file target-v8.txt (compact mmCIF, C-alpha atoms and all ligand atoms)
# COMPACT_ATOMS: atom_id res chain seq x y z
CA MET A 1 -0.88 75.67 -59.95
CA LEU A 2 -3.40 72.84 -59.83
CA ASN A 3 -2.48 72.22 -56.23
CA ARG A 4 -3.09 75.87 -55.44
CA ARG A 5 -6.54 75.68 -57.03
CA ILE A 6 -7.43 72.59 -55.05
CA LEU A 7 -6.13 74.31 -51.93
CA SER A 8 -8.14 77.45 -52.68
CA ALA A 9 -11.28 75.35 -53.22
CA ALA A 10 -10.65 73.48 -49.99
CA VAL A 11 -10.18 76.74 -48.11
CA ALA A 12 -13.40 78.09 -49.65
CA VAL A 13 -15.32 74.99 -48.55
CA ILE A 14 -13.88 75.20 -45.04
CA SER A 15 -14.76 78.90 -44.93
CA LEU A 16 -18.35 78.15 -45.92
CA ALA A 17 -18.63 75.39 -43.36
CA ALA A 18 -17.22 77.52 -40.55
CA PRO A 19 -17.94 81.20 -41.27
CA ALA A 20 -16.88 82.29 -37.76
CA LEU A 21 -13.28 81.09 -37.93
CA ALA A 22 -11.19 82.38 -35.07
CA GLY A 23 -8.51 84.85 -36.02
CA VAL A 24 -5.73 86.93 -34.55
CA ASN A 25 -6.58 90.53 -33.76
CA LEU A 26 -3.90 93.21 -33.71
CA GLU A 27 -4.27 95.51 -30.70
CA PHE A 28 -2.37 98.46 -29.26
CA ARG A 29 -1.89 98.73 -25.50
CA ALA A 30 -2.24 101.13 -23.85
CA ALA A 31 -4.85 102.20 -26.37
CA SER A 32 -5.01 105.69 -24.87
CA GLN A 33 -1.98 107.62 -23.61
CA VAL A 34 -0.93 111.10 -22.60
CA ALA A 35 2.52 112.55 -23.26
CA ARG A 36 4.36 115.83 -23.16
CA ILE A 37 6.31 117.23 -26.08
CA ASN A 38 9.59 115.33 -26.52
CA ASP A 39 8.36 112.37 -24.43
CA THR A 40 8.85 108.86 -25.78
CA VAL A 41 5.51 107.08 -26.03
CA SER A 42 5.61 103.27 -25.84
CA VAL A 43 2.77 101.43 -27.55
CA GLY A 44 2.61 97.65 -27.21
CA LEU A 45 1.57 95.72 -30.31
CA TYR A 46 -0.39 92.63 -29.24
CA ALA A 47 -1.58 89.55 -31.14
CA VAL A 48 -4.87 88.50 -29.59
CA TYR A 49 -6.36 85.12 -30.48
CA THR A 50 -10.16 85.20 -30.69
CA GLY A 51 -10.53 81.44 -30.18
CA SER A 52 -9.69 79.33 -27.17
CA GLY A 53 -6.21 77.95 -26.58
CA SER A 54 -3.59 79.42 -28.88
CA SER A 55 -2.91 80.06 -32.55
CA ASN A 56 0.43 79.60 -34.30
CA ILE A 57 1.92 82.68 -35.94
CA SER A 58 4.60 82.14 -38.56
CA ALA A 59 4.91 85.78 -39.63
CA MET A 60 3.16 89.12 -39.76
CA ASP A 61 3.28 92.37 -41.66
CA VAL A 62 1.72 95.28 -39.81
CA LEU A 63 1.24 98.58 -41.62
CA LEU A 64 1.28 101.64 -39.39
CA GLN A 65 -0.10 105.09 -40.05
CA TRP A 66 0.05 108.19 -37.84
CA ASP A 67 -0.01 111.99 -38.04
CA ALA A 68 3.65 112.88 -38.55
CA THR A 69 3.03 116.49 -37.49
CA LYS A 70 2.05 115.30 -33.97
CA ILE A 71 4.16 112.20 -33.29
CA GLN A 72 7.18 110.53 -34.88
CA LEU A 73 7.92 106.81 -35.00
CA LEU A 74 11.35 106.11 -33.52
CA GLY A 75 11.40 102.33 -33.97
CA ASN A 76 10.58 99.26 -31.91
CA VAL A 77 11.88 97.49 -28.81
CA ASN A 78 11.63 93.71 -28.71
CA ASN A 79 10.61 93.19 -25.11
CA GLY A 80 7.91 90.55 -25.59
CA PRO A 81 8.07 86.98 -24.27
CA TYR A 82 8.70 85.42 -27.70
CA SER A 83 12.07 85.68 -29.41
CA TRP A 84 11.37 86.45 -33.07
CA LEU A 85 13.82 85.51 -35.80
CA GLN A 86 13.12 89.00 -37.16
CA SER A 87 11.10 91.84 -35.66
CA ASN A 88 11.79 95.21 -37.24
CA PHE A 89 11.14 97.65 -40.08
CA PRO A 90 13.03 96.09 -43.01
CA PRO A 91 13.98 98.26 -46.02
CA ASP A 92 11.21 98.12 -48.63
CA SER A 93 12.49 100.68 -51.11
CA GLY A 94 11.93 98.20 -53.96
CA LEU A 95 8.23 97.93 -53.01
CA ASP A 96 6.24 100.82 -51.60
CA GLY A 97 9.11 102.49 -49.73
CA LEU A 98 7.09 102.78 -46.53
CA ASN A 99 10.26 102.40 -44.46
CA ASN A 100 12.36 104.82 -46.50
CA THR A 101 11.58 107.40 -43.84
CA PHE A 102 9.41 107.51 -40.70
CA ALA A 103 8.88 111.26 -41.20
CA ASP A 104 5.98 110.76 -43.62
CA GLY A 105 3.65 109.01 -41.17
CA ASN A 106 3.71 105.43 -42.37
CA ALA A 107 5.82 102.32 -41.94
CA LYS A 108 5.69 98.56 -42.33
CA TYR A 109 6.60 96.36 -39.38
CA THR A 110 7.54 92.73 -40.07
CA ALA A 111 7.93 89.80 -37.69
CA LEU A 112 9.17 86.34 -38.64
CA ALA A 113 8.88 83.44 -36.24
CA ASN A 114 11.70 81.03 -35.53
CA PHE A 115 11.40 77.83 -37.53
CA SER A 116 11.97 75.71 -34.44
CA ALA A 117 9.12 77.16 -32.38
CA THR A 118 6.35 79.35 -33.82
CA ALA A 119 4.96 82.28 -31.88
CA GLN A 120 1.64 81.68 -30.13
CA ALA A 121 -1.18 84.20 -30.09
CA ILE A 122 -3.36 83.71 -27.02
CA PRO A 123 -6.70 85.21 -25.91
CA ALA A 124 -4.95 87.40 -23.33
CA GLY A 125 -2.68 88.70 -26.10
CA LEU A 126 0.94 88.10 -27.04
CA LEU A 127 3.14 91.19 -26.79
CA VAL A 128 4.68 91.13 -30.27
CA THR A 129 6.89 94.19 -29.87
CA THR A 130 6.76 97.68 -28.40
CA LEU A 131 6.57 100.60 -30.80
CA GLN A 132 8.15 103.84 -29.72
CA PHE A 133 7.01 107.25 -30.82
CA LYS A 134 8.26 110.72 -29.93
CA ALA A 135 5.65 113.35 -29.06
CA LEU A 136 6.25 116.33 -31.34
CA ALA A 137 3.35 118.77 -30.97
CA ALA A 138 0.41 119.44 -28.67
CA THR A 139 -2.85 117.74 -29.56
CA PRO A 140 -5.97 116.66 -27.65
CA GLY A 141 -5.55 113.33 -29.40
CA THR A 142 -3.91 111.78 -32.45
CA THR A 143 -4.55 108.28 -33.79
CA ILE A 144 -2.13 105.49 -34.64
CA SER A 145 -3.86 103.05 -36.97
CA ILE A 146 -3.17 99.81 -38.82
CA PRO A 147 -4.36 100.24 -42.41
CA LEU A 148 -5.16 97.04 -44.31
CA THR A 149 -3.26 98.20 -47.38
CA LEU A 150 -0.84 100.98 -48.33
CA GLY A 151 0.65 101.54 -51.75
CA ALA A 152 0.47 98.90 -54.45
CA ASN A 153 2.15 96.04 -52.63
CA SER A 154 1.86 96.48 -48.90
CA ARG A 155 -0.77 94.72 -46.83
CA THR A 156 -1.35 94.02 -43.15
CA ALA A 157 -1.51 90.28 -42.52
CA VAL A 158 -0.94 87.76 -39.76
CA TYR A 159 0.08 84.35 -41.07
CA GLY A 160 -0.47 80.99 -39.44
CA ASN A 161 1.43 77.85 -40.30
CA ALA A 162 -1.31 75.38 -41.29
CA PHE A 163 -0.31 75.94 -44.92
CA PRO A 164 1.85 78.53 -46.74
CA GLY A 165 0.19 81.92 -46.70
CA GLU A 166 -2.55 80.94 -44.22
CA ASP A 167 -4.13 84.32 -43.43
CA ILE A 168 -5.39 84.51 -39.85
CA THR A 169 -5.70 88.31 -39.66
CA GLY A 170 -8.54 89.48 -37.43
CA THR A 171 -9.45 93.02 -36.52
CA ARG A 172 -6.98 95.91 -36.49
CA GLY A 173 -6.92 98.22 -33.46
CA THR A 174 -6.03 101.87 -32.97
CA ALA A 175 -4.22 103.86 -30.30
CA ASN A 176 -4.80 107.45 -29.28
CA VAL A 177 -2.06 109.72 -27.99
CA ALA A 178 -2.78 113.11 -26.41
CA VAL A 179 0.15 115.52 -26.23
CA CYS A 180 -0.05 118.20 -23.53
CA ALA A 181 0.38 121.81 -24.60
CA LEU A 182 1.99 122.94 -21.33
CA ALA A 183 3.99 121.62 -18.41
CA ALA A 184 1.96 120.63 -15.33
CA ASN A 185 0.77 123.85 -13.65
CA GLY A 186 -2.09 122.72 -11.42
CA ASP A 187 -4.78 124.50 -13.42
CA MET A 188 -7.12 121.53 -13.24
CA ASN A 189 -10.23 123.40 -14.35
CA ALA A 190 -8.49 125.20 -17.21
CA SER A 191 -9.47 128.63 -15.88
CA GLY A 192 -6.08 130.11 -16.67
CA THR A 193 -5.05 130.41 -13.03
CA THR A 194 -4.17 127.92 -10.30
CA ASN A 195 -6.12 128.51 -7.11
CA GLY A 196 -8.47 126.92 -4.61
CA ASP A 197 -10.99 126.21 -7.34
CA ASP A 198 -8.62 123.58 -8.73
CA VAL A 199 -8.41 121.56 -5.53
CA GLN A 200 -11.69 119.72 -5.97
CA ALA A 201 -10.83 118.55 -9.50
CA PHE A 202 -7.36 117.51 -8.37
CA VAL A 203 -8.71 115.46 -5.46
CA ALA A 204 -11.27 113.81 -7.76
CA ALA A 205 -8.53 112.96 -10.28
CA LEU A 206 -6.31 111.69 -7.47
CA SER A 207 -8.93 109.38 -6.03
CA ALA A 208 -9.75 108.10 -9.52
CA SER A 209 -6.04 107.59 -10.38
CA SER A 210 -6.94 109.48 -13.54
CA THR A 211 -4.98 108.92 -16.73
CA LEU A 212 -7.18 111.29 -18.75
CA ALA A 213 -5.38 114.01 -20.66
CA VAL A 214 -7.62 116.69 -19.12
CA ASP A 215 -6.24 115.73 -15.68
CA VAL A 216 -2.75 114.47 -16.53
CA CYS A 217 -1.72 117.54 -18.53
CA PRO A 218 -2.24 120.08 -15.68
CA GLY A 219 -1.81 117.72 -12.71
CA ASP A 220 0.86 115.09 -13.39
CA PHE A 221 3.84 116.78 -11.75
CA SER A 222 5.67 113.49 -11.24
CA GLY A 223 5.63 112.62 -14.93
CA ASN A 224 4.28 109.06 -14.70
CA HIS A 225 1.14 109.73 -16.76
CA VAL A 226 -1.28 109.18 -13.85
CA ILE A 227 -2.60 111.46 -11.12
CA ASP A 228 -1.25 109.88 -7.93
CA SER A 229 0.09 110.84 -4.51
CA ALA A 230 3.46 111.70 -6.06
CA ASP A 231 1.74 114.72 -7.62
CA VAL A 232 0.53 116.20 -4.32
CA PRO A 233 3.73 118.16 -3.49
CA GLY A 234 3.72 119.68 -7.00
CA MET A 235 0.06 120.59 -6.71
CA VAL A 236 0.57 122.18 -3.30
CA ALA A 237 3.55 124.18 -4.59
CA ALA A 238 1.49 125.34 -7.60
CA LEU A 239 -1.36 126.41 -5.30
CA LEU A 240 1.06 128.35 -3.12
CA GLY A 241 2.57 129.95 -6.20
CA LEU A 242 5.99 128.51 -5.45
CA CA A 301 -7.87 126.94 -12.31
CA CA A 302 1.83 111.39 -11.38
call {"tool": "encode", "arguments": {"input": "target-v8.txt", "output": "structure tokens", "more": "lines below"}}
Ligand SMILES: [Ca+2]
Ligand SMILES: [Ca+2]
result
Amino acid sequence: MLNRRILSAAVAVISLAAPALAGVNLEFRAASQVARINDTVSVGLYAVYTGSGSSNISAMDVLLQWDATKIQLLGNVNNGPYSWLQSNFPPDSGLDGLNNTFADGNAKYTALANFSATAQAIPAGLLVTTLQFKALAATPGTTISIPLTLGANSRTAVYGNAFPGEDITGTRGTANVAVCALAANGDMNASGTTNGDDVQAFVAALSASSTLAVDVCPGDFSGNHVIDSADVPGMVAALLGL
């Protein structure tokens, strides 16, 4: 206990001496996405070091919150460069029960580093894991957030390894997912019909490689979430009423 007090005092002194300590931000990429109902939406969770060089990560708990009427968490895919000892949604029924079901719009993700080689957050961002959601209902945009706390026991935290419980949590990002109401129909100007008036907006979206929902929803015939040349045949067919 005494040791903990000394440690706390030391940490307090260090904090006073260096108020702008670098930390590890949690970011979602892509931060803005467009999907159609029943699509799987992949959202990368990144650990971004705000200092120079890298920062050791021994573990992290990341709380997630979303609108369960619009999207549904399916789980995570571990496709990052670091091989975690654990990277999943462990049962927490004895605590706040956030992982009892994903249908209520919250969950707690946990990663534990290997003891032999800790994970390294870098300024460019370490892909921690990829979260997968299913698009359920049309919306111009719904937010996935990382609350600091949920329930009585659950807290978002990134831990270093300088000493047990070293908290290096920085900022917590958000992601926005738009879910299209309709299949692509070429009605770029939302007039209710597809005709010559939609050509100009389509060409503008094409040359901008638009990923905006207002363009992708009516104009992404190829289904890759961007207006590109692969959408031209679909647009032409829609204009011809085929
Ligand atoms: Ca139109
Ligand atoms: Ca496309």
call {"tool": "closest_atom_pairs", "arguments": {"input": "target-v8.txt", "of": "chain A", "to": "ligand CA 302 (chain A)", "cutoff": "10 Å", "atoms": "only C-alpha atoms and all ligand atoms", "output": "CSV"}}
result
residue,atom,partner,partner_atom,distance
A:Leu206,CA,A:CA302,CA,9.0
A:Ser209,CA,A:CA302,CA,8.8
A:Ser210,CA,A:CA302,CA,9.2
A:Thr211,CA,A:CA302,CA,9.0
A:Val216,CA,A:CA302,CA,7.5
A:Gly219,CA,A:CA302,CA,7.4
A:Asp220,CA,A:CA302,CA,4.3
A:Phe221,CA,A:CA302,CA,5.8
A:Ser222,CA,A:CA302,CA,4.4
A:Gly223,CA,A:CA302,CA,5.3
A:Asn224,CA,A:CA302,CA,4.7
A:His225,CA,A:CA302,CA,5.7
A:Val226,CA,A:CA302,CA,4.5
A:Ile227,CA,A:CA302,CA,4.4
A:Asp228,CA,A:CA302,CA,4.9
A:Ser229,CA,A:CA302,CA,7.1
A:Ala230,CA,A:CA302,CA,5.6
A:Asp231,CA,A:CA302,CA,5.0
A:Val232,CA,A:CA302,CA,8.6
A:Gly234,CA,A:CA302,CA,9.6
call {"tool": "closest_atom_pairs", "arguments": {"input": "target-v8.txt", "of": "chain A", "to": "ligand CA 301 (chain A)", "cutoff": "12 Å", "atoms": "all atoms listed in the file", "output": "Markdown table"}}
result
| residue | atom | partner | partner_atom | distance |
| --- | --- | --- | --- | --- |
| A:Asn185 | CA | A:CA301 | CA | 9.3 |
| A:Gly186 | CA | A:CA301 | CA | 7.2 |
| A:Asp187 | CA | A:CA301 | CA | 4.1 |
| A:Met188 | CA | A:CA301 | CA | 5.5 |
| A:Asn189 | CA | A:CA301 | CA | 4.7 |
| A:Ala190 | CA | A:CA301 | CA | 5.2 |
| A:Ser191 | CA | A:CA301 | CA | 4.3 |
| A:Gly192 | CA | A:CA301 | CA | 5.7 |
| A:Thr193 | CA | A:CA301 | CA | 4.5 |
| A:Thr194 | CA | A:CA301 | CA | 4.3 |
| A:Asn195 | CA | A:CA301 | CA | 5.7 |
| A:Gly196 | CA | A:CA301 | CA | 7.7 |
| A:Asp197 | CA | A:CA301 | CA | 5.9 |
| A:Asp198 | CA | A:CA301 | CA | 5.0 |
| A:Val199 | CA | A:CA301 | CA | 8.7 |
| A:Gln200 | CA | A:CA301 | CA | 10.3 |
| A:Ala201 | CA | A:CA301 | CA | 9.3 |
| A:Phe202 | CA | A:CA301 | CA | 10.2 |
| A:Asp215 | CA | A:CA301 | CA | 11.8 |
| A:Pro218 | CA | A:CA301 | CA | 9.5 |
| A:Gly219 | CA | A:CA301 | CA | 11.0 |
| A:Met235 | CA | A:CA301 | CA | 11.6 |
| A:Ala238 | CA | A:CA301 | CA | 10.6 |
| A:Leu239 | CA | A:CA301 | CA | 9.6 |
call {"tool": "write_last_selection", "arguments": {"input": "target-v8.txt", "atoms": "C-alpha atoms", "output": "PDB file, keeping the file's coordinate frame"}}
result
ATOM      1  CA  ASN A 185       0.770 123.850 -13.650  1.00  0.00           C
ATOM      2  CA  GLY A 186      -2.090 122.720 -11.420  1.00  0.00           C
ATOM      3  CA  ASP A 187      -4.780 124.500 -13.420  1.00  0.00           C
ATOM      4  CA  MET A 188      -7.120 121.530 -13.240  1.00  0.00           C
ATOM      5  CA  ASN A 189     -10.230 123.400 -14.350  1.00  0.00           C
ATOM      6  CA  ALA A 190      -8.490 125.200 -17.210  1.00  0.00           C
ATOM      7  CA  SER A 191      -9.470 128.630 -15.880  1.00  0.00           C
ATOM      8  CA  GLY A 192      -6.080 130.110 -16.670  1.00  0.00           C
ATOM      9  CA  THR A 193      -5.050 130.410 -13.030  1.00  0.00           C
ATOM     10  CA  THR A 194      -4.170 127.920 -10.300  1.00  0.00           C
ATOM     11  CA  ASN A 195      -6.120 128.510  -7.110  1.00  0.00           C
ATOM     12  CA  GLY A 196      -8.470 126.920  -4.610  1.00  0.00           C
ATOM     13  CA  ASP A 197     -10.990 126.210  -7.340  1.00  0.00           C
ATOM     14  CA  ASP A 198      -8.620 123.580  -8.730  1.00  0.00           C
ATOM     15  CA  VAL A 199      -8.410 121.560  -5.530  1.00  0.00           C
ATOM     16  CA  GLN A 200     -11.690 119.720  -5.970  1.00  0.00           C
ATOM     17  CA  ALA A 201     -10.830 118.550  -9.500  1.00  0.00           C
ATOM     18  CA  PHE A 202      -7.360 117.510  -8.370  1.00  0.00           C
ATOM     19  CA  ASP A 215      -6.240 115.730 -15.680  1.00  0.00           C
ATOM     20  CA  PRO A 218      -2.240 120.080 -15.680  1.00  0.00           C
ATOM     21  CA  GLY A 219      -1.810 117.720 -12.710  1.00  0.00           C
ATOM     22  CA  MET A 235       0.060 120.590  -6.710  1.00  0.00           C
ATOM     23  CA  ALA A 238       1.490 125.340  -7.600  1.00  0.00           C
ATOM     24  CA  LEU A 239      -1.360 126.410  -5.300  1.00  0.00           C
TER      25      LEU A 239
END
call {"tool": "atom_distance", "arguments": {"input": "target-v8.txt", "atom1": "CA of Gly75 in chain A", "atom2": "CA of Asn88 in chain A"}}
result
7.8 Å
call {"tool": "atom_distance", "arguments": {"input": "target-v8.txt", "atom1": "CA of Leu242 in chain A", "atom2": "CA of Leu182 in chain A"}}
result
17.3 Å
call {"tool": "residues_around", "arguments": {"input": "target-v8.txt", "residues": "range 103-116 of chain A", "least_positions_apart": "4", "cutoff": "9 Å", "atoms": "all atoms listed in the file", "output": "ChimeraX atom specification"}}
result
/A:57-69,71-73,76,82-90,92,97-99,128,150,154-156
call {"tool": "residues_around", "arguments": {"input": "target-v8.txt", "residues": "Tyr46 in chain A", "least_positions_apart": "5", "cutoff": "7 Å", "atoms": "all atoms listed in the file", "output": "list in words"}}
result
Leu26, Glu27, Phe28, Gly125, Leu126, Leu127 and Val128 of chain A
call {"tool": "closest_residue", "arguments": {"input": "target-v8.txt", "among": "A:Asp96, A:Ala31, A:Val214, A:Leu136", "to": "Gly151 in chain A", "atoms": "all atoms listed in the file"}}
result
A:Asp96
call {"tool": "atom_distance", "arguments": {"input": "target-v8.txt", "atom1": "CA of Asn78 in chain A", "atom2": "CA of Thr129 in chain A"}}
result
4.9 Å
call {"tool": "axis_aligned_box", "arguments": {"input": "target-v8.txt", "around": "range 85-101 of chain A", "padding_each_side": "6 Å", "output": "AutoDock Vina command-line options"}}
result
--center_x 10.1 --center_y 96.5 --center_z -44.8 --size_x 19.7 --size_y 33.9 --size_z 30.3
call {"tool": "closest_residue", "arguments": {"input": "target-v8.txt", "among": "A:Leu21, A:Ala121, A:Leu212, A:Ile37", "to": "Tyr159 in chain A", "atoms": "all atoms listed in the file"}}
result
A:Ala121
call {"tool": "closest_residue", "arguments": {"input": "target-v8.txt", "among": "A:Ile144, A:Ala47, A:Ala152, A:Ala183", "to": "Ala119 in chain A", "atoms": "all atoms listed in the file"}}
result
A:Ala47
call {"tool": "closest_residue", "arguments": {"input": "target-v8.txt", "among": "A:Val203, A:Ile146, A:Cys217, A:Val48", "to": "Val34 in chain A", "atoms": "only C-alpha atoms"}}
result
A:Cys217
call {"tool": "closest_residue", "arguments": {"input": "target-v8.txt", "among": "A:Ala237, A:Ala181, A:Ala205, A:Ala162", "to": "Pro140 in chain A", "atoms": "all atoms listed in the file"}}
result
A:Ala181
call {"tool": "closest_residue", "arguments": {"input": "target-v8.txt", "among": "A:Thr174, A:Asn153, A:Gln33, A:Thr142", "to": "Gly94 in chain A", "atoms": "only C-alpha atoms"}}
result
A:Asn153
